[in-house]
Amino acid sequence: MIDSSLKDIAAALRDRKVSAVELATESLARIDAGNARINAFVTVDHDGALTAARAADARLAAGNGGPLTGIPLAHKDVFCTEGVLTTCGSKMLSNFVSPYDAHVVSLLKAAGTVMVGKANMDEFAMGSSNENSHFGPTRNPWNTDKVPGGSSGGSAAAVAARMVPIATGTDTGGSIRQPAALCGITGIKPTYGRVSRYGMIAYASSLDQGGAFGCSAEDCAVLLSAMAGHDPRDSTSLEQGPEDFARECTQVGAQPLAGLRIGLPKEFFAEGMSDDVRAAVEAAIAEYRKLGATTVEVSLPNARLAIPAYYVIAPAEASSNLSRFDGVRYGHRAAEYGDLNDMYCKSRAQGFGGEVKRRILVGTYVLSHGYYDAYYIKAQKLRRLIANDFATAFEQCDVIAGPVSPTVAFGIGEKSDDPVQMYLSDIYTIAVNLAGLPALSHPAGFGAGNLPVGLQLIGNYFGEARLLGTAHQFQLATDWHRQAPAGF
Amino acid sequence: MSRTDWEVVIGLEVHTQLNTQSKIFSGASIAFGAEPNAQACAVDIALPGVLPVLNKGAVERAIRFGLAVGATIAPKSIFARKNYFYPDLPKGYQISQYELPVVVGGQIPLLVPDGKGGAYEKVVNLTRAHLEEDAGKSLHEDFHGMTGIDLNRAGTPLLEIVSEPEMRSSAEAVAYAKALHALVRWIDICDGNMQEGSFRCDANVSVRPRGQAEFGTRREIKNLNSFRFLQQAIDFEVQWQIDLIEDGGKVQQATVLFDPDSGETRAMRSKEDAHDYRYFPDPDLLPLVIGADWIERVKGELPELPAALSARFQGEYGLSAYDATTLTASRETAQFYLDTVAAAGAANAKTCANWVMGDLAARLNKAELDITASPVSATQLAGLVARIADNTISNAIAKKVFEALWNKEGESADAIIDAHGLKQVTDTGAIEAIIDEVLAANQKSVEEFRAGKEKAFNALVGQCMKASKGKANPAQVNELLKKKLG
């Protein structure tokens, strides 16, 4: 049942053909059977899941169910969950139990979802391979020698392995879209400010944005509709009220995308993309033309500056955001230390992994007196230029299409000694975060080693429903998104 | 070189705690005196994932202050993070305003005692005032070998008011601090409680040879929480710097603490180990945008300000600058005075002023009472002033009536005058009779007066007043006595 679409699962629940407890049990059984191979979960909450499932069943029996009532899901371990360990993939928080729920978590609880566990992730969402987790790397269900992408790799792998039909994630530089692509599922990062960041442990506040994973655009739309909306506890939350992002996920004839203008940034197609990815991306674009869309070349001349700008702004914010992990009030504290300074140094040296330390050092450096203007201010100016490029491009098109990742999933350990190579794997996704735009990744075929390739669709601000509707039309005409890895 | 060759340069940074209900970025209460950490919510203790939300009440108070000092209210200001590690700073950064503060410029007019019983006027320009959050407290005393952390104060809203380095003596610094203290209470943005830390001063002090254009190197004295300490700390620091320079030394920029027990300042950290705070705009908060309509609304709600009221007291009531400033030192005093004048009539404004600043202030001071708790009401005082004005009683009798009012011996001045028969004798015949008696009994004084001894006349007046039990109108006694001796 978990392999079905959310719509079908919800109908079965409503018609009492399956119970929420049965669904939760099925999900937990799949996790118990497969998690040892892919390490998608840091925490599996059997008791909590069954309790929530029983409550969902009662609600369904009373006829008060919604589209997500009784649906099992995983939360990325970046979201605070009351009473359940929230580690953020770090030794620093390996003992942290939050006394409160993140806004997203409480919304999805209220919707009646059943959380089965907390998904593995790169430590503090810093990484593109999930190898930076204190709890060991998550592995790609399509090939367990490969990475699932990151930083929301656990969420993507869990959905790809059909352990849960949907999962939450966060995307700061591609952390939803890249693992979705590498794991062969659909994932959307909405417009910055759509999803409240309250209770979502901050990496880079001006870029972090919560989003949704599912097997289809329509499933993502249902989940995102329940996650988004204004939250007065997040000052950067948009004032927009609730919205049905699935409203364009409809069936409309042979040329459903007639009139849609798809922009193809020439810079994305110039070089750097591997041949197998290029072939799949171009085939998907051809499919879009068959569905009635027209394509137009657009230019994002400053997109090449996105990675350097990102690796100034994100570490700068991170260096400050992670200062609260000082061993004083919660989290890891060194067992032995001399004075106060020694306690800070030892606790943080022991509690943080290498990539987190690297970004704290970079961030501290770029904010230092005498360097601030040259790095931080300059990066903010680049950010503005990049956003302007998108604005210009959207004068000529409705959505932008391109690759998500330059290659299919790479091998575990392949890039872990070369941070710059790792950073370059986000070359097509990062500009979107700097501009604050919505974007999704959907399956577009397979490349080398029979590993999934994703296609990225970037929308204008608030264009989530259009993006998801567009991808939905593609998924009505193709079945890439229905492919699942064997053995789970 | 002698002391007079040196000019003192002082600028003050004052942290005023804003009297909002809740903290600047969270909903926790800021009431003083709760059990440690009882008023620290998830945001205040910086749990993972929490976010700040700006308290509009704090912004409104900043606007009120800006308007009260004639400053520019920035249409857009920015909250920044000031990064440093300390156990009572839970986030590892303080949210403050750095490059773009909410209040820019402004002026504080003040009256500085000249040390000779007089006073001179001065205007101190403000650089800026900005909103920020307070840190928690580290409690070093109560835990053996350990430090306790109390985060009740963490996130308390502060308005840091920064003056230009325009004060030239500790007396000017104290006069400025007092004027500012009065103003923030007047416009009701701060309770002004210095013991509880609601109004704390940092003083930047330097000296330079008089006539030199550039400033000397300054040292910053931190956290002075009384006007007396402010004065003592500056005086000590100034002498220390002068001695150092005269001994051939050079002042190093530093942060110093004042020890009230020894009366000395002591370096805390020097410029070399100063923090690099790595300020940058807080990405969790949007720019603070203040529209003209908001400013207009706040302006409409502002009370008449002390400077305006002082000018009115001088213009309409003919009070001296000193009296007008004294009466506008607090909103409560000014209101008491206004109520008194309203009841006694504007013609008696000067007498009202004398009583409010004189006998009433002295009596309240002795009893350690605030003017709002005065046993003698404004109406009662006005009744007393009216009886002085219409010659019903003399000033001497008035003091007795005031004392009786204070002791609740009667409802009003009139009731006390009636009950004790204190009505002034103005009947010429009656006064003449008293004078005749006195002259008859004091022939010696009369002879001395006639021999040209002016003092003898005063003695005779005194005898007449005494004989009338103080009730005779002194002016009439004077006049009639002169005629008789004529």
# chains A, B, ... in the order shown; residues from 1 in each chain; ligands from 1
$ residues_around --residues "Asp235 of chain B" --least-positions-apart "3" --cutoff "12 Å" --atoms "only C-alpha atoms" --output "ChimeraX atom specification"
/B:8-10,168-174,203,205-207,221,228-232,238-242,258,263-265
$ write_last_selection --atoms "N, CA and C atoms" --output "tab-separated table (two decimals), in the first residue's frame"
chain	number	residue	atom	x	y	z
B	8	VAL	N	38.86	68.05	30.10
B	8	VAL	CA	38.26	66.72	30.22
B	8	VAL	C	37.23	66.54	29.11
B	9	VAL	N	37.22	65.38	28.49
B	9	VAL	CA	36.24	65.09	27.43
B	9	VAL	C	35.48	63.83	27.82
B	10	ILE	N	34.16	63.94	27.90
B	10	ILE	CA	33.36	62.79	28.33
B	10	ILE	C	32.19	62.57	27.37
B	168	ARG	N	32.31	68.25	29.60
B	168	ARG	CA	33.67	68.72	29.92
B	168	ARG	C	33.99	68.63	31.41
B	169	SER	N	33.12	68.00	32.18
B	169	SER	CA	33.39	67.81	33.61
B	169	SER	C	32.48	66.70	34.12
B	170	SER	N	32.82	66.18	35.27
B	170	SER	CA	31.95	65.15	35.86
B	170	SER	C	30.60	65.77	36.20
B	171	ALA	N	30.60	67.05	36.56
B	171	ALA	CA	29.33	67.71	36.89
B	171	ALA	C	28.42	67.75	35.65
B	172	GLU	N	29.01	68.03	34.50
B	172	GLU	CA	28.20	68.03	33.27
B	172	GLU	C	27.70	66.62	32.94
B	173	ALA	N	28.56	65.64	33.17
B	173	ALA	CA	28.16	64.26	32.89
B	173	ALA	C	26.99	63.86	33.79
B	174	VAL	N	27.09	64.24	35.05
B	174	VAL	CA	26.01	63.89	35.98
B	174	VAL	C	24.73	64.65	35.62
B	203	ALA	N	30.87	55.45	30.77
B	203	ALA	CA	31.44	56.78	30.50
B	203	ALA	C	32.75	56.63	29.74
B	205	VAL	N	36.00	58.46	28.83
B	205	VAL	CA	36.69	59.60	29.42
B	205	VAL	C	38.08	59.74	28.79
B	206	SER	N	38.41	60.97	28.43
B	206	SER	CA	39.78	61.26	27.99
B	206	SER	C	40.13	62.68	28.44
B	207	VAL	N	41.42	62.98	28.39
B	207	VAL	CA	41.85	64.35	28.72
B	207	VAL	C	42.75	64.83	27.58
B	221	ILE	N	34.61	53.59	31.17
B	221	ILE	CA	34.23	53.06	32.49
B	221	ILE	C	32.85	52.42	32.34
B	228	ARG	N	26.16	59.18	41.85
B	228	ARG	CA	27.32	59.41	42.71
B	228	ARG	C	28.53	58.64	42.19
B	229	PHE	N	28.31	57.37	41.83
B	229	PHE	CA	29.41	56.56	41.29
B	229	PHE	C	29.91	57.16	39.97
B	230	LEU	N	28.98	57.66	39.18
B	230	LEU	CA	29.36	58.27	37.90
B	230	LEU	C	30.34	59.41	38.15
B	231	GLN	N	29.97	60.26	39.10
B	231	GLN	CA	30.82	61.41	39.42
B	231	GLN	C	32.16	60.95	39.99
B	232	GLN	N	32.12	60.04	40.96
B	232	GLN	CA	33.35	59.57	41.60
B	232	GLN	C	34.27	58.89	40.59
B	238	VAL	N	39.84	60.82	35.64
B	238	VAL	CA	40.46	62.02	35.08
B	238	VAL	C	41.80	62.27	35.76
B	239	GLN	N	41.81	62.20	37.08
B	239	GLN	CA	43.05	62.46	37.82
B	239	GLN	C	44.10	61.40	37.48
B	240	TRP	N	43.62	60.15	37.34
B	240	TRP	CA	44.54	59.04	37.01
B	240	TRP	C	45.20	59.28	35.66
B	241	GLN	N	44.39	59.70	34.69
B	241	GLN	CA	44.93	59.93	33.34
B	241	GLN	C	45.91	61.10	33.34
B	242	ILE	N	45.55	62.17	34.06
B	242	ILE	CA	46.43	63.34	34.11
B	242	ILE	C	47.75	62.97	34.78
B	258	PHE	N	34.70	50.42	37.75
B	258	PHE	CA	34.79	51.27	38.94
B	258	PHE	C	34.47	50.44	40.16
B	263	GLY	N	36.81	53.37	45.43
B	263	GLY	CA	36.65	54.62	44.68
B	263	GLY	C	37.58	54.70	43.48
B	264	GLU	N	38.13	53.56	43.06
B	264	GLU	CA	39.11	53.56	41.97
B	264	GLU	C	38.57	52.87	40.72
B	265	THR	N	39.17	53.21	39.58
B	265	THR	CA	38.86	52.50	38.35
B	265	THR	C	40.02	51.55	38.05
$ interface_residues --of "chain B" --to "chain A" --cutoff "12 Å" --atoms "only C-alpha atoms" --output "VMD selection string"
chain B and resid 25 to 27 37 41 to 55 80 to 95 145 to 151 274 to 288
$ select_by_dssp --residues "segment 139-305 of chain B" --states "strand (DSSP E)" --output "PyMOL selection string"
chain B and resi 139+148-150+157-163+199-209+219-224+254-259+264-270+280-281+288-289
$ write_last_selection --atoms "C-alpha atoms" --output "PDB file, in the first residue's frame"
ATOM      1  CA  LEU B 139      26.171  34.477  39.457  1.00  0.00           C
ATOM      2  CA  GLY B 148      25.331  30.003  38.071  1.00  0.00           C
ATOM      3  CA  ILE B 149      23.560  31.372  35.007  1.00  0.00           C
ATOM      4  CA  ASP B 150      20.291  33.270  35.338  1.00  0.00           C
ATOM      5  CA  PRO B 157      14.737  45.256  25.727  1.00  0.00           C
ATOM      6  CA  LEU B 158      17.307  48.022  26.000  1.00  0.00           C
ATOM      7  CA  LEU B 159      17.594  51.375  24.314  1.00  0.00           C
ATOM      8  CA  GLU B 160      21.262  52.351  24.270  1.00  0.00           C
ATOM      9  CA  ILE B 161      21.549  56.120  24.101  1.00  0.00           C
ATOM     10  CA  VAL B 162      24.920  57.412  22.928  1.00  0.00           C
ATOM     11  CA  SER B 163      25.948  61.038  23.415  1.00  0.00           C
ATOM     12  CA  PHE B 199      19.435  52.761  33.844  1.00  0.00           C
ATOM     13  CA  ARG B 200      23.160  52.037  33.503  1.00  0.00           C
ATOM     14  CA  CYS B 201      25.889  54.381  32.326  1.00  0.00           C
ATOM     15  CA  ASP B 202      29.159  53.727  30.538  1.00  0.00           C
ATOM     16  CA  ALA B 203      31.442  56.779  30.501  1.00  0.00           C
ATOM     17  CA  ASN B 204      34.087  57.334  27.837  1.00  0.00           C
ATOM     18  CA  VAL B 205      36.693  59.597  29.422  1.00  0.00           C
ATOM     19  CA  SER B 206      39.775  61.257  27.994  1.00  0.00           C
ATOM     20  CA  VAL B 207      41.850  64.350  28.718  1.00  0.00           C
ATOM     21  CA  ARG B 208      43.729  66.720  26.439  1.00  0.00           C
ATOM     22  CA  PRO B 209      45.727  69.914  26.876  1.00  0.00           C
ATOM     23  CA  ARG B 219      39.112  54.710  28.490  1.00  0.00           C
ATOM     24  CA  GLU B 220      35.576  53.447  28.957  1.00  0.00           C
ATOM     25  CA  ILE B 221      34.228  53.060  32.491  1.00  0.00           C
ATOM     26  CA  LYS B 222      31.556  50.356  32.416  1.00  0.00           C
ATOM     27  CA  ASN B 223      28.292  49.893  34.239  1.00  0.00           C
ATOM     28  CA  LEU B 224      27.907  52.849  36.578  1.00  0.00           C
ATOM     29  CA  ALA B 254      40.870  50.189  27.575  1.00  0.00           C
ATOM     30  CA  THR B 255      37.684  49.180  29.281  1.00  0.00           C
ATOM     31  CA  VAL B 256      37.723  49.796  33.025  1.00  0.00           C
ATOM     32  CA  LEU B 257      35.539  49.006  35.994  1.00  0.00           C
ATOM     33  CA  PHE B 258      34.794  51.273  38.936  1.00  0.00           C
ATOM     34  CA  ASP B 259      35.104  49.817  42.402  1.00  0.00           C
ATOM     35  CA  GLU B 264      39.108  53.563  41.975  1.00  0.00           C
ATOM     36  CA  THR B 265      38.863  52.501  38.345  1.00  0.00           C
ATOM     37  CA  ARG B 266      40.662  49.377  37.226  1.00  0.00           C
ATOM     38  CA  ALA B 267      41.403  48.094  33.708  1.00  0.00           C
ATOM     39  CA  MET B 268      39.313  45.097  32.619  1.00  0.00           C
ATOM     40  CA  ARG B 269      40.671  44.524  29.150  1.00  0.00           C
ATOM     41  CA  SER B 270      42.864  46.516  26.809  1.00  0.00           C
ATOM     42  CA  PHE B 280      26.452  41.260  10.323  1.00  0.00           C
ATOM     43  CA  PRO B 281      22.738  41.793   9.652  1.00  0.00           C
ATOM     44  CA  LEU B 288      12.731  47.494  10.858  1.00  0.00           C
ATOM     45  CA  VAL B 289      10.587  49.800   8.736  1.00  0.00           C
TER      46      VAL B 289
END
$ residues_around --residues "Ser90 of chain A" --least-positions-apart "3" --cutoff "8 Å" --atoms "only C-alpha atoms" --output "list in words"
Thr87, Leu93, Ser94, Glu123, Phe124, Ser133, His134, Phe135, Gly351, Phe352 and Gly353 of chain A
$ write_last_selection --atoms "C-alpha atoms" --output "PDB file, in the first residue's frame"
ATOM      1  CA  THR A  87      20.254  15.205  16.466  1.00  0.00           C
ATOM      2  CA  LEU A  93      23.055  17.021  19.626  1.00  0.00           C
ATOM      3  CA  SER A  94      23.287  13.248  19.928  1.00  0.00           C
ATOM      4  CA  GLU A 123      25.580  17.195  10.046  1.00  0.00           C
ATOM      5  CA  PHE A 124      23.726  20.495  10.462  1.00  0.00           C
ATOM      6  CA  SER A 133      26.482  12.438   9.472  1.00  0.00           C
ATOM      7  CA  HIS A 134      27.752  11.537  12.920  1.00  0.00           C
ATOM      8  CA  PHE A 135      25.504   8.479  12.613  1.00  0.00           C
ATOM      9  CA  GLY A 351      30.920  17.801  19.157  1.00  0.00           C
ATOM     10  CA  PHE A 352      31.316  19.045  15.575  1.00  0.00           C
ATOM     11  CA  GLY A 353      32.533  17.071  12.568  1.00  0.00           C
TER      12      GLY A 353
END
$ atom_distance --atom1 "atom CA of Thr372 of chain B" --atom2 "atom CA of Val69 of chain B"
25.9 Å
$ closest_residue --among "A:Asn143, A:Thr113, A:Asn95, A:Asn460" --to "Leu440 of chain A" --atoms "only C-alpha atoms"
A:Asn460
$ residues_around --residues "Pro403 of chain A" --least-positions-apart "5" --cutoff "7 Å" --atoms "only C-alpha atoms" --output "PyMOL selection string"
chain A and resi 281+428+454-456
$ residues_around --residues "segment 66-69 of chain A" --least-positions-apart "4" --cutoff "8 Å" --atoms "only C-alpha atoms" --output "VMD selection string"
chain A and resid 6 to 7 10 56 59 to 60 111 to 114 222 to 223
$ write_last_selection --atoms "N, CA and C atoms" --output "mmCIF file, in the first residue's frame"
data_model
loop_
_atom_site.group_PDB
_atom_site.id
_atom_site.type_symbol
_atom_site.label_atom_id
_atom_site.label_comp_id
_atom_site.auth_asym_id
_atom_site.auth_seq_id
_atom_site.Cartn_x
_atom_site.Cartn_y
_atom_site.Cartn_z
ATOM 1 N N LEU A 6 -0.413 9.029 -2.726
ATOM 2 C CA LEU A 6 -1.068 9.532 -1.515
ATOM 3 C C LEU A 6 -2.579 9.545 -1.673
ATOM 4 N N LYS A 7 -3.010 9.889 -2.871
ATOM 5 C CA LYS A 7 -4.443 9.973 -3.161
ATOM 6 C C LYS A 7 -5.094 8.600 -2.952
ATOM 7 N N ALA A 10 -4.968 7.606 0.770
ATOM 8 C CA ALA A 10 -5.976 8.351 1.532
ATOM 9 C C ALA A 10 -7.374 7.799 1.280
ATOM 10 N N ALA A 56 -5.045 8.458 14.520
ATOM 11 C CA ALA A 56 -5.493 8.749 13.149
ATOM 12 C C ALA A 56 -6.678 7.863 12.779
ATOM 13 N N ARG A 59 -9.757 9.183 14.295
ATOM 14 C CA ARG A 59 -10.182 10.373 13.571
ATOM 15 C C ARG A 59 -10.855 9.992 12.242
ATOM 16 N N LEU A 60 -10.258 9.031 11.556
ATOM 17 C CA LEU A 60 -10.841 8.572 10.288
ATOM 18 C C LEU A 60 -12.204 7.936 10.530
ATOM 19 N N ALA A 111 -2.417 17.560 11.006
ATOM 20 C CA ALA A 111 -3.019 16.986 9.799
ATOM 21 C C ALA A 111 -3.235 15.477 9.948
ATOM 22 N N GLY A 112 -2.699 14.905 11.023
ATOM 23 C CA GLY A 112 -2.935 13.490 11.288
ATOM 24 C C GLY A 112 -1.873 12.554 10.729
ATOM 25 N N THR A 113 -0.734 13.117 10.291
ATOM 26 C CA THR A 113 0.325 12.242 9.787
ATOM 27 C C THR A 113 0.895 11.394 10.928
ATOM 28 N N VAL A 114 1.536 10.320 10.542
ATOM 29 C CA VAL A 114 2.107 9.384 11.511
ATOM 30 C C VAL A 114 3.626 9.368 11.316
ATOM 31 N N VAL A 222 0.606 17.703 -2.106
ATOM 32 C CA VAL A 222 -0.282 17.474 -0.954
ATOM 33 C C VAL A 222 0.476 17.744 0.348
ATOM 34 N N LEU A 223 1.709 17.217 0.420
ATOM 35 C CA LEU A 223 2.498 17.415 1.643
ATOM 36 C C LEU A 223 2.834 18.896 1.839
#
